[in-house]
file entry_12.cif (mmCIF, C-alpha atoms)
data_model
#
loop_
_atom_site.label_atom_id
_atom_site.label_comp_id
_atom_site.auth_asym_id
_atom_site.auth_seq_id
_atom_site.Cartn_x
_atom_site.Cartn_y
_atom_site.Cartn_z
CA MET A 1 -25.80 13.05 -22.38
CA LYS A 2 -22.79 11.39 -24.01
CA PHE A 3 -21.11 8.26 -22.70
CA SER A 4 -18.20 6.14 -23.81
CA ILE A 5 -18.38 2.69 -22.23
CA TYR A 6 -15.90 -0.19 -22.17
CA ARG A 7 -17.40 -3.24 -23.83
CA PHE A 8 -16.05 -6.75 -23.83
CA ASN A 9 -17.91 -10.01 -24.20
CA PRO A 10 -15.36 -12.85 -24.15
CA ASP A 11 -17.79 -15.12 -26.04
CA VAL A 12 -17.86 -12.92 -29.16
CA ASP A 13 -15.20 -10.17 -28.86
CA LYS A 14 -11.55 -10.77 -29.61
CA LYS A 15 -10.57 -7.64 -27.71
CA PRO A 16 -12.30 -4.90 -25.73
CA TYR A 17 -13.56 -1.71 -27.36
CA MET A 18 -15.23 1.55 -26.31
CA GLN A 19 -18.84 2.08 -27.36
CA ASP A 20 -20.41 5.53 -27.55
CA TYR A 21 -23.94 6.23 -26.35
CA ASP A 22 -25.98 9.41 -26.52
CA VAL A 23 -28.99 9.17 -24.23
CA VAL A 24 -31.84 11.50 -23.43
CA LEU A 25 -32.28 11.68 -19.66
CA GLU A 26 -35.38 12.40 -17.61
CA ASP A 27 -35.49 15.00 -14.83
CA SER A 28 -35.59 12.18 -12.31
CA ASP A 29 -32.23 10.84 -13.53
CA GLN A 30 -29.84 12.33 -10.99
CA MET A 31 -27.17 9.70 -10.54
CA LEU A 32 -24.88 7.88 -12.95
CA LEU A 33 -26.67 4.60 -12.25
CA ASP A 34 -29.95 6.17 -13.44
CA ALA A 35 -28.27 7.01 -16.76
CA LEU A 36 -26.83 3.50 -17.01
CA MET A 37 -30.34 2.10 -16.59
CA ARG A 38 -31.48 4.35 -19.47
CA ILE A 39 -28.62 2.97 -21.56
CA LYS A 40 -29.60 -0.57 -20.63
CA ASP A 41 -33.13 0.21 -21.92
CA LEU A 42 -31.54 1.04 -25.28
CA ASP A 43 -28.98 -1.77 -25.27
CA ASP A 44 -29.69 -4.64 -22.92
CA SER A 45 -26.43 -6.38 -23.82
CA LEU A 46 -24.54 -3.96 -21.52
CA SER A 47 -23.52 -5.77 -18.32
CA LEU A 48 -22.96 -4.19 -14.93
CA ARG A 49 -23.55 -5.06 -11.29
CA LYS A 50 -26.00 -3.12 -9.15
CA SER A 51 -28.21 -3.77 -6.16
CA CYS A 52 -29.10 -1.30 -3.43
CA ARG A 53 -28.72 1.85 -5.60
CA GLU A 54 -27.85 3.93 -2.53
CA GLY A 55 -24.15 3.39 -1.80
CA VAL A 56 -24.53 0.56 0.68
CA CYS A 57 -23.95 -2.68 -1.20
CA GLY A 58 -20.86 -1.61 -3.18
CA SER A 59 -21.92 -3.59 -6.27
CA ASP A 60 -21.75 -0.87 -8.90
CA SER A 61 -18.18 0.26 -8.35
CA MET A 62 -16.49 1.16 -11.63
CA ASN A 63 -13.95 3.52 -13.12
CA ILE A 64 -15.72 6.80 -13.86
CA ASN A 65 -13.80 9.37 -15.91
CA GLY A 66 -10.56 7.80 -14.69
CA LYS A 67 -11.45 7.57 -11.01
CA ASN A 68 -13.03 4.64 -9.21
CA GLY A 69 -16.42 5.25 -7.61
CA LEU A 70 -19.96 4.01 -7.15
CA ALA A 71 -22.34 4.75 -10.03
CA CYS A 72 -25.33 5.01 -7.69
CA ILE A 73 -23.96 7.91 -5.63
CA THR A 74 -22.09 9.75 -8.40
CA LYS A 75 -24.07 12.80 -9.47
CA LEU A 76 -24.47 13.22 -13.23
CA SER A 77 -24.12 16.98 -12.79
CA ASP A 78 -20.56 16.46 -11.50
CA LEU A 79 -19.40 14.54 -14.57
CA GLU A 80 -17.67 15.87 -17.65
CA GLU A 81 -18.87 14.61 -21.03
CA PRO A 82 -18.36 12.24 -22.60
CA VAL A 83 -18.50 10.19 -19.43
CA VAL A 84 -15.91 7.45 -19.85
CA LEU A 85 -16.79 4.28 -17.98
CA ARG A 86 -14.45 1.35 -17.57
CA PRO A 87 -14.35 -1.67 -15.26
CA MET A 88 -12.26 -1.29 -12.12
CA PRO A 89 -8.57 -1.71 -13.05
CA GLY A 90 -6.36 -4.54 -11.82
CA LEU A 91 -8.99 -7.29 -11.84
CA PRO A 92 -9.92 -9.64 -14.69
CA VAL A 93 -12.95 -8.51 -16.69
CA ILE A 94 -15.81 -11.01 -16.85
CA ARG A 95 -17.89 -8.88 -19.18
CA ASP A 96 -18.24 -5.13 -19.85
CA LEU A 97 -18.18 -3.39 -16.45
CA VAL A 98 -18.27 -6.61 -14.42
CA VAL A 99 -14.96 -7.72 -12.91
CA ASP A 100 -13.94 -10.96 -11.22
CA MET A 101 -13.43 -10.02 -7.55
CA THR A 102 -12.15 -13.44 -6.43
CA GLN A 103 -8.63 -12.14 -5.71
CA PHE A 104 -10.01 -9.16 -3.81
CA PHE A 105 -12.07 -11.40 -1.52
CA GLU A 106 -9.27 -13.95 -1.12
CA ASN A 107 -7.07 -11.13 0.18
CA TYR A 108 -9.89 -9.94 2.42
CA ASN A 109 -10.43 -13.46 3.81
CA SER A 110 -6.69 -13.88 4.42
CA VAL A 111 -6.81 -11.33 7.29
CA LYS A 112 -9.49 -13.37 9.13
CA PRO A 113 -12.15 -10.65 9.09
CA TYR A 114 -14.05 -11.99 12.06
CA LEU A 115 -13.73 -11.94 15.84
CA VAL A 116 -11.37 -14.47 17.36
CA ASN A 117 -12.33 -14.97 20.98
CA ASN A 118 -11.72 -18.24 22.79
CA ASP A 119 -13.67 -17.36 25.94
CA ALA A 120 -16.95 -19.16 26.48
CA PRO A 121 -19.73 -17.14 24.84
CA PRO A 122 -21.72 -15.10 27.37
CA THR A 123 -25.47 -15.53 27.65
CA THR A 124 -25.93 -12.13 26.02
CA GLU A 125 -23.66 -10.39 23.51
CA ARG A 126 -19.98 -9.61 24.20
CA LEU A 127 -20.13 -6.09 25.60
CA GLN A 128 -17.86 -3.14 24.82
CA SER A 129 -17.43 0.23 26.52
CA PRO A 130 -18.52 3.23 24.42
CA ALA A 131 -14.85 4.22 24.16
CA ASP A 132 -13.86 0.81 22.80
CA ARG A 133 -16.78 0.84 20.40
CA ALA A 134 -15.70 4.28 19.15
CA LYS A 135 -12.37 2.79 18.03
CA LEU A 136 -14.24 0.95 15.27
CA ASP A 137 -15.65 4.15 13.75
CA GLY A 138 -14.20 4.91 10.36
CA LEU A 139 -13.36 1.22 9.91
CA TYR A 140 -16.52 -0.86 10.13
CA GLU A 141 -18.32 1.27 7.53
CA CYS A 142 -16.33 -0.26 4.65
CA ILE A 143 -18.72 -1.82 2.11
CA LEU A 144 -16.02 -3.81 0.28
CA CYS A 145 -16.76 -2.22 -3.08
CA GLY A 146 -13.09 -2.62 -4.06
CA ALA A 147 -12.69 0.96 -5.31
CA CYS A 148 -9.67 1.57 -3.08
CA THR A 149 -7.86 -1.71 -3.67
CA THR A 150 -8.25 -1.52 -7.44
CA SER A 151 -6.91 2.06 -7.42
CA CYS A 152 -3.70 0.91 -5.77
CA PRO A 153 -0.67 0.26 -8.02
CA SER A 154 0.86 -2.00 -5.36
CA PHE A 155 -2.21 -4.23 -5.76
CA TRP A 156 -2.05 -4.04 -9.57
CA TRP A 157 1.52 -5.34 -9.58
CA ASN A 158 1.23 -7.83 -6.70
CA PRO A 159 -2.45 -8.78 -6.36
CA ASP A 160 -1.65 -12.21 -4.93
CA LYS A 161 0.76 -10.83 -2.33
CA PHE A 162 -0.25 -7.31 -1.24
CA VAL A 163 -3.48 -7.51 0.77
CA GLY A 164 -4.64 -4.12 -0.44
CA PRO A 165 -6.17 -1.17 1.41
CA ALA A 166 -9.63 -2.67 1.95
CA GLY A 167 -8.30 -5.91 3.42
CA LEU A 168 -5.73 -4.11 5.56
CA MET A 169 -8.32 -1.73 6.93
CA GLN A 170 -10.45 -4.70 7.96
CA ALA A 171 -7.37 -6.33 9.51
CA TYR A 172 -6.93 -3.20 11.63
CA ARG A 173 -10.66 -3.10 12.41
CA PHE A 174 -10.32 -6.46 14.22
CA MET A 175 -6.94 -5.60 15.76
CA VAL A 176 -8.50 -2.70 17.68
CA ASP A 177 -11.67 -4.55 18.61
CA SER A 178 -11.62 -4.95 22.40
CA ARG A 179 -13.46 -8.30 22.07
CA ASP A 180 -10.79 -9.83 19.85
CA GLN A 181 -7.98 -11.95 21.34
CA ALA A 182 -5.74 -12.55 18.33
CA LEU A 183 -3.76 -9.32 18.00
CA ASP A 184 -0.35 -11.02 17.91
CA GLU A 185 -1.48 -13.57 15.32
CA ARG A 186 -3.04 -10.83 13.21
CA LEU A 187 0.18 -8.79 13.26
CA ASP A 188 2.32 -11.84 12.49
CA ASN A 189 -0.04 -12.68 9.62
CA LEU A 190 0.96 -9.41 7.93
CA GLU A 191 4.70 -9.71 8.53
CA GLU A 192 5.54 -11.27 5.16
CA PRO A 193 7.29 -8.36 3.37
CA ASP A 194 4.76 -7.93 0.56
CA ARG A 195 1.49 -8.26 2.48
CA LEU A 196 1.52 -4.94 4.34
CA TYR A 197 4.69 -3.08 3.50
CA ARG A 198 4.04 -2.70 -0.23
CA CYS A 199 1.90 0.29 0.69
CA HIS A 200 3.86 3.40 -0.31
CA ASN A 201 1.29 5.92 0.96
CA ILE A 202 0.31 7.32 -2.42
CA MET A 203 -3.20 7.80 -0.98
CA ASN A 204 -5.19 6.70 -4.06
CA CYS A 205 -7.31 4.64 -1.67
CA VAL A 206 -8.26 7.68 0.40
CA GLU A 207 -8.94 9.71 -2.75
CA VAL A 208 -11.49 7.27 -4.17
CA CYS A 209 -13.24 5.77 -1.14
CA PRO A 210 -16.97 6.42 -1.69
CA LYS A 211 -17.56 6.17 2.07
CA LYS A 212 -14.84 8.76 2.80
CA LEU A 213 -12.80 6.29 4.87
CA ASN A 214 -9.05 6.38 5.31
CA PRO A 215 -7.38 3.00 4.69
CA ASN A 216 -3.99 4.70 4.61
CA ALA A 217 -4.36 5.78 8.26
CA ALA A 218 -5.36 2.23 9.20
CA ILE A 219 -2.22 0.89 7.50
CA ALA A 220 -0.06 3.42 9.38
CA ASN A 221 -1.76 2.38 12.63
CA ILE A 222 -0.94 -1.28 11.95
CA LYS A 223 2.73 -0.27 11.67
CA ASP A 224 2.41 1.53 15.04
CA LEU A 225 0.97 -1.66 16.53
CA LYS A 226 4.03 -3.49 15.20
CA PHE A 227 6.19 -1.19 17.33
CA GLU A 228 3.97 -1.91 20.32
CA GLN A 229 4.25 -5.63 19.64
CA ALA A 230 8.05 -5.44 19.55
CA ARG A 231 8.10 -3.51 22.82
CA GLU A 232 5.83 -6.10 24.45
CA HIS A 233 8.05 -8.93 23.24
CA LYS A 234 11.09 -7.19 24.66
CA ASN A 235 9.36 -6.69 28.03
CA LYS A 236 8.24 -10.33 28.05
CA ALA A 237 11.78 -11.49 27.24
CA LYS A 238 13.16 -9.28 30.04
CA LYS A 239 10.64 -10.72 32.53
CA HIS A 240 11.48 -14.23 31.40
CA ILE A 241 15.19 -13.58 31.99
CA GLU A 242 14.48 -12.05 35.43
CA ILE A 243 12.37 -15.05 36.47
CA LYS A 244 15.07 -17.42 35.29
CA ALA A 245 17.70 -15.46 37.24
CA VAL A 246 15.61 -15.71 40.43
CA MET B 1 12.94 -2.10 20.62
CA TRP B 2 14.31 -0.60 17.41
CA ILE B 3 16.93 -3.31 17.24
CA GLU B 4 14.23 -5.96 17.83
CA LEU B 5 12.33 -4.65 14.80
CA LEU B 6 15.43 -5.03 12.65
CA THR B 7 15.78 -8.75 13.39
CA LYS B 8 14.66 -11.72 11.33
CA ARG B 9 11.54 -12.05 13.44
CA TYR B 10 10.14 -9.05 11.55
CA PRO B 11 11.26 -9.44 7.92
CA GLY B 12 8.66 -6.98 6.59
CA MET B 13 9.24 -4.36 9.25
CA ARG B 14 13.01 -4.84 8.96
CA ALA B 15 13.05 -3.79 5.31
CA TRP B 16 10.50 -1.01 5.81
CA LEU B 17 12.24 0.44 8.85
CA SER B 18 15.72 0.07 7.33
CA GLN B 19 14.64 2.12 4.33
CA ARG B 20 13.36 4.90 6.57
CA LEU B 21 16.34 4.86 8.93
CA THR B 22 18.81 4.98 6.03
CA GLY B 23 16.73 7.78 4.48
CA LEU B 24 16.95 9.72 7.74
CA ALA B 25 20.71 9.12 7.96
CA MET B 26 21.18 10.40 4.40
CA ALA B 27 19.03 13.46 5.10
CA LEU B 28 21.10 14.33 8.20
CA TYR B 29 24.35 13.88 6.27
CA SER B 30 23.02 16.06 3.45
CA VAL B 31 22.24 18.91 5.85
CA LEU B 32 25.75 18.62 7.30
CA ALA B 33 27.31 18.43 3.83
CA VAL B 34 25.48 21.51 2.56
CA GLY B 35 26.39 23.44 5.73
CA ARG B 36 30.00 22.40 5.40
CA PHE B 37 29.98 23.27 1.71
CA PHE B 38 28.80 26.82 2.37
CA TYR B 39 31.17 27.21 5.32
CA LEU B 40 34.32 26.01 3.52
CA ALA B 41 33.22 27.02 -0.02
CA PRO B 42 35.72 24.81 -1.89
CA SER B 43 36.50 26.39 -5.25
CA ASP B 44 39.34 24.32 -6.70
CA TYR B 45 40.67 20.77 -6.64
CA GLN B 46 42.95 21.38 -3.67
CA ALA B 47 40.09 22.85 -1.65
CA TRP B 48 37.97 19.77 -2.39
CA VAL B 49 40.83 17.52 -1.25
CA GLU B 50 40.94 19.50 1.99
CA PHE B 51 37.16 19.30 2.24
CA PHE B 52 37.46 15.52 2.50
CA GLN B 53 40.70 15.55 4.51
CA PRO B 54 39.39 15.10 8.11
CA LEU B 55 39.03 11.46 9.06
CA TRP B 56 35.68 12.05 10.85
CA TRP B 57 34.23 13.51 7.66
CA ARG B 58 35.46 10.60 5.55
CA VAL B 59 33.97 8.14 8.04
CA LEU B 60 30.65 10.01 7.96
CA THR B 61 30.73 10.04 4.16
CA MET B 62 31.38 6.30 4.13
CA LEU B 63 28.44 5.76 6.49
CA PHE B 64 26.33 7.89 4.15
CA TRP B 65 27.36 5.67 1.27
CA LEU B 66 26.53 2.53 3.22
CA ALA B 67 23.07 3.95 3.96
CA LEU B 68 22.66 4.90 0.30
CA THR B 69 23.63 1.38 -0.78
CA LEU B 70 21.10 -0.29 1.51
CA HIS B 71 18.42 2.28 0.65
CA ALA B 72 18.98 1.81 -3.07
CA TRP B 73 18.94 -1.98 -2.77
CA LEU B 74 15.59 -1.99 -0.95
CA GLY B 75 14.02 0.56 -3.28
CA ILE B 76 15.20 -0.79 -6.62
CA ARG B 77 14.45 -4.37 -5.51
CA ASP B 78 10.82 -3.28 -5.04
CA VAL B 79 10.76 -1.59 -8.45
CA PHE B 80 12.06 -4.79 -10.10
CA LYS B 81 9.51 -6.85 -8.18
CA ASP B 82 6.74 -4.60 -9.49
CA TYR B 83 7.76 -4.04 -13.08
CA VAL B 84 9.73 -7.14 -14.08
CA PRO B 85 7.29 -10.06 -13.92
CA ASN B 86 9.67 -12.47 -15.70
CA ALA B 87 11.44 -14.34 -12.87
CA THR B 88 14.63 -15.10 -14.82
CA LEU B 89 15.08 -11.54 -16.04
CA ARG B 90 14.31 -10.21 -12.55
CA SER B 91 16.90 -12.51 -11.02
CA VAL B 92 19.53 -11.36 -13.56
CA LEU B 93 18.69 -7.71 -12.91
CA LEU B 94 18.83 -8.16 -9.12
CA LYS B 95 22.21 -9.89 -9.36
CA GLY B 96 23.45 -7.09 -11.64
CA LEU B 97 22.20 -4.56 -9.12
CA VAL B 98 24.06 -6.27 -6.26
CA ILE B 99 27.30 -6.25 -8.29
CA LEU B 100 26.82 -2.59 -9.23
CA LEU B 101 26.09 -1.52 -5.66
CA TRP B 102 29.14 -3.39 -4.31
CA LEU B 103 31.29 -1.81 -7.02
CA TYR B 104 30.06 1.68 -6.10
CA LEU B 105 30.66 0.96 -2.42
CA ALA B 106 34.18 -0.28 -3.07
CA TRP B 107 34.84 2.73 -5.32
CA ALA B 108 33.60 5.13 -2.63
CA ALA B 109 35.85 3.42 -0.04
CA TYR B 110 38.82 3.63 -2.43
CA LEU B 111 38.26 7.36 -3.09
CA LEU B 112 37.84 8.17 0.57
CA PHE B 113 40.54 6.04 2.17
CA ALA B 114 43.06 4.85 -0.43
#
call {"tool": "encode", "arguments": {"input": "entry_12.cif", "output": "structure tokens"}}
result
Amino acid sequence: MKFSIYRFNPDVDKKPYMQDYDVVLEDSDQMLLDALMRIKDLDDSLSLRKSCREGVCGSDSMNINGKNGLACITKLSDLEEPVVLRPMPGLPVIRDLVVDMTQFFENYNSVKPYLVNNDAPPTTERLQSPADRAKLDGLYECILCGACTTSCPSFWWNPDKFVGPAGLMQAYRFMVDSRDQALDERLDNLEEPDRLYRCHNIMNCVEVCPKKLNPNAAIANIKDLKFEQAREHKNKAKKHIEIKAV
Amino acid sequence: MWIELLTKRYPGMRAWLSQRLTGLAMALYSVLAVGRFFYLAPSDYQAWVEFFQPLWWRVLTMLFWLALTLHAWLGIRDVFKDYVPNATLRSVLLKGLVILLWLYLAWAAYLLFA
């Protein structure tokens, strides 16, 4: 099977180049990651990240024939030859298919992806009703592979400002968590014009997500919560005025 | 609530919502304009003058132009933010855009009301 792979070693290469490989695969080689391991047997200078090899860790995300995805769950039989592999776009390349994800995780951390609850911790866990727990479905499954965020032009042009689909989906995941107490702060945290509103709904994130999640819907839901927040503020202001009048 | 979202408390939402509200206003005007065009079917210069004769229509057209100006400002500002990384050049382009949009607005007002 034929491959064309992006190569760049900053220690020796002045600029990146594409290297062709023609590898003989075994019957057991079903996924793209299997083929990449065969290539690594031939040329151990090729660098890539991998870990769980079953679509859970999100390490081996890369650009496969022009579309971001995970090598370990991409079937070889679905790929056109030559298979063109590049690092995920929009992030600095460390070497070959390995990108520097610092910016991605900074954006993720900026939405405080953890529960904020100032009540004293209970003796057991903080409980949720099944209905409240169901609100997290389609959100908590994100493995932070970065395929969505690095497919997003708004992130390419403003990586330090626009949080990106993965980070925004996690922001929403904690906004709808019944155990969280920081909804207002979370919404205010995204009010800066470029953090949330640079999303123009082009849906690249939905198209590429290897877990079939929908960050675009989460972003739309955050905007709905903004409306709710404004309504609440108005009601609070009204009450405040009424109390003052009394 | 809508007004609340257009205040300085919500700078992100203000721009986002303004762009959609102005888009909606332009879409409504366009439907009216097309309907009016087919109803009156202006075919010469005099007919076009009469097309724009009623004051209510000129006011609506001016409101359309105001919406277009704001919509264009928000949209093109984003395009410049994305594709012009050089801060000085971006600043020059944004200032040029403001001048151009004000000129178009003044020109529209002149044509409609002068």
call {"tool": "interface_residues", "arguments": {"input": "entry_12.cif", "of": "chain A", "to": "chain B", "cutoff": "7 Å", "atoms": "only C-alpha atoms", "output": "PyMOL selection string"}}
result
chain A and resi 157-158+191-193+197+230-231+234
call {"tool": "closest_residue", "arguments": {"input": "entry_12.cif", "among": "A:Pro153, A:Gly66, A:Gly167, A:Pro87", "to": "Asp100 (chain A)", "atoms": "all atoms listed in the file"}}
result
A:Pro87
call {"tool": "resolve_selection", "arguments": {"input": "entry_12.cif", "expression": "the PyMOL selection byres ((chain B and resi 61-66) around 10)", "output": "number ranges by chain"}}
result
B: 22-23, 25-30, 33, 52, 55-60, 67-72, 101-102, 104-105, 108-109, 112-113
call {"tool": "residues_around", "arguments": {"input": "entry_12.cif", "residues": "Val56 (chain A)", "least_positions_apart": "2", "cutoff": "10 Å", "atoms": "all atoms listed in the file", "output": "list in words"}}
result
Ser51, Cys52, Arg53, Glu54, Gly58, Ser59, Leu70, Cys72, Ile73, Glu141, Cys142, Ile143, Leu144, Cys145, Pro210 and Lys211 of chain A
call {"tool": "atom_distance", "arguments": {"input": "entry_12.cif", "atom1": "CA of Thr124 (chain A)", "atom2": "CA of Asp177 (chain A)"}}
result
17.8 Å
call {"tool": "resolve_selection", "arguments": {"input": "entry_12.cif", "expression": "the PyMOL selection byres ((chain A and resi 174) around 10)", "output": "number ranges by chain"}}
result
A: 111-116, 136, 139-140, 169-173, 175-183, 186
call {"tool": "resolve_selection", "arguments": {"input": "entry_12.cif", "expression": "the PyMOL selection byres ((chain A and resi 37) around 12)", "output": "JSON list (two decimals) with C-alpha atoms, in the coordinates of the input"}}
result
[["chain", "number", "residue", "atom", "x", "y", "z"],
["A", 23, "VAL", "CA", -28.99, 9.17, -24.23],
["A", 24, "VAL", "CA", -31.84, 11.50, -23.43],
["A", 25, "LEU", "CA", -32.28, 11.68, -19.66],
["A", 26, "GLU", "CA", -35.38, 12.40, -17.61],
["A", 29, "ASP", "CA", -32.23, 10.84, -13.53],
["A", 30, "GLN", "CA", -29.84, 12.33, -10.99],
["A", 31, "MET", "CA", -27.17, 9.70, -10.54],
["A", 32, "LEU", "CA", -24.88, 7.88, -12.95],
["A", 33, "LEU", "CA", -26.67, 4.60, -12.25],
["A", 34, "ASP", "CA", -29.95, 6.17, -13.44],
["A", 35, "ALA", "CA", -28.27, 7.01, -16.76],
["A", 36, "LEU", "CA", -26.83, 3.50, -17.01],
["A", 38, "ARG", "CA", -31.48, 4.35, -19.47],
["A", 39, "ILE", "CA", -28.62, 2.97, -21.56],
["A", 40, "LYS", "CA", -29.60, -0.57, -20.63],
["A", 41, "ASP", "CA", -33.13, 0.21, -21.92],
["A", 42, "LEU", "CA", -31.54, 1.04, -25.28],
["A", 43, "ASP", "CA", -28.98, -1.77, -25.27],
["A", 44, "ASP", "CA", -29.69, -4.64, -22.92],
["A", 45, "SER", "CA", -26.43, -6.38, -23.82],
["A", 46, "LEU", "CA", -24.54, -3.96, -21.52],
["A", 47, "SER", "CA", -23.52, -5.77, -18.32],
["A", 48, "LEU", "CA", -22.96, -4.19, -14.93],
["A", 49, "ARG", "CA", -23.55, -5.06, -11.29],
["A", 50, "LYS", "CA", -26.00, -3.12, -9.15],
["A", 53, "ARG", "CA", -28.72, 1.85, -5.60],
["A", 60, "ASP", "CA", -21.75, -0.87, -8.90],
["A", 71, "ALA", "CA", -22.34, 4.75, -10.03],
["A", 72, "CYS", "CA", -25.33, 5.01, -7.69]]
call {"tool": "atom_distance", "arguments": {"input": "entry_12.cif", "atom1": "CA of Gly138 (chain A)", "atom2": "CA of Cys57 (chain A)"}}
result
16.9 Å
call {"tool": "atom_distance", "arguments": {"input": "entry_12.cif", "atom1": "CA of Gln19 (chain B)", "atom2": "CA of Trp73 (chain B)"}}
result
9.3 Å
call {"tool": "residues_around", "arguments": {"input": "entry_12.cif", "residues": "Gln103 (chain A)", "least_positions_apart": "2", "cutoff": "9 Å", "atoms": "only C-alpha atoms", "output": "PyMOL selection string"}}
result
chain A and resi 91+100-101+105-108+159-160
call {"tool": "closest_residue", "arguments": {"input": "entry_12.cif", "among": "A:Leu97, A:Ile219, A:Ala131, A:Leu168", "to": "Tyr17 (chain A)", "atoms": "only C-alpha atoms"}}
result
A:Leu97
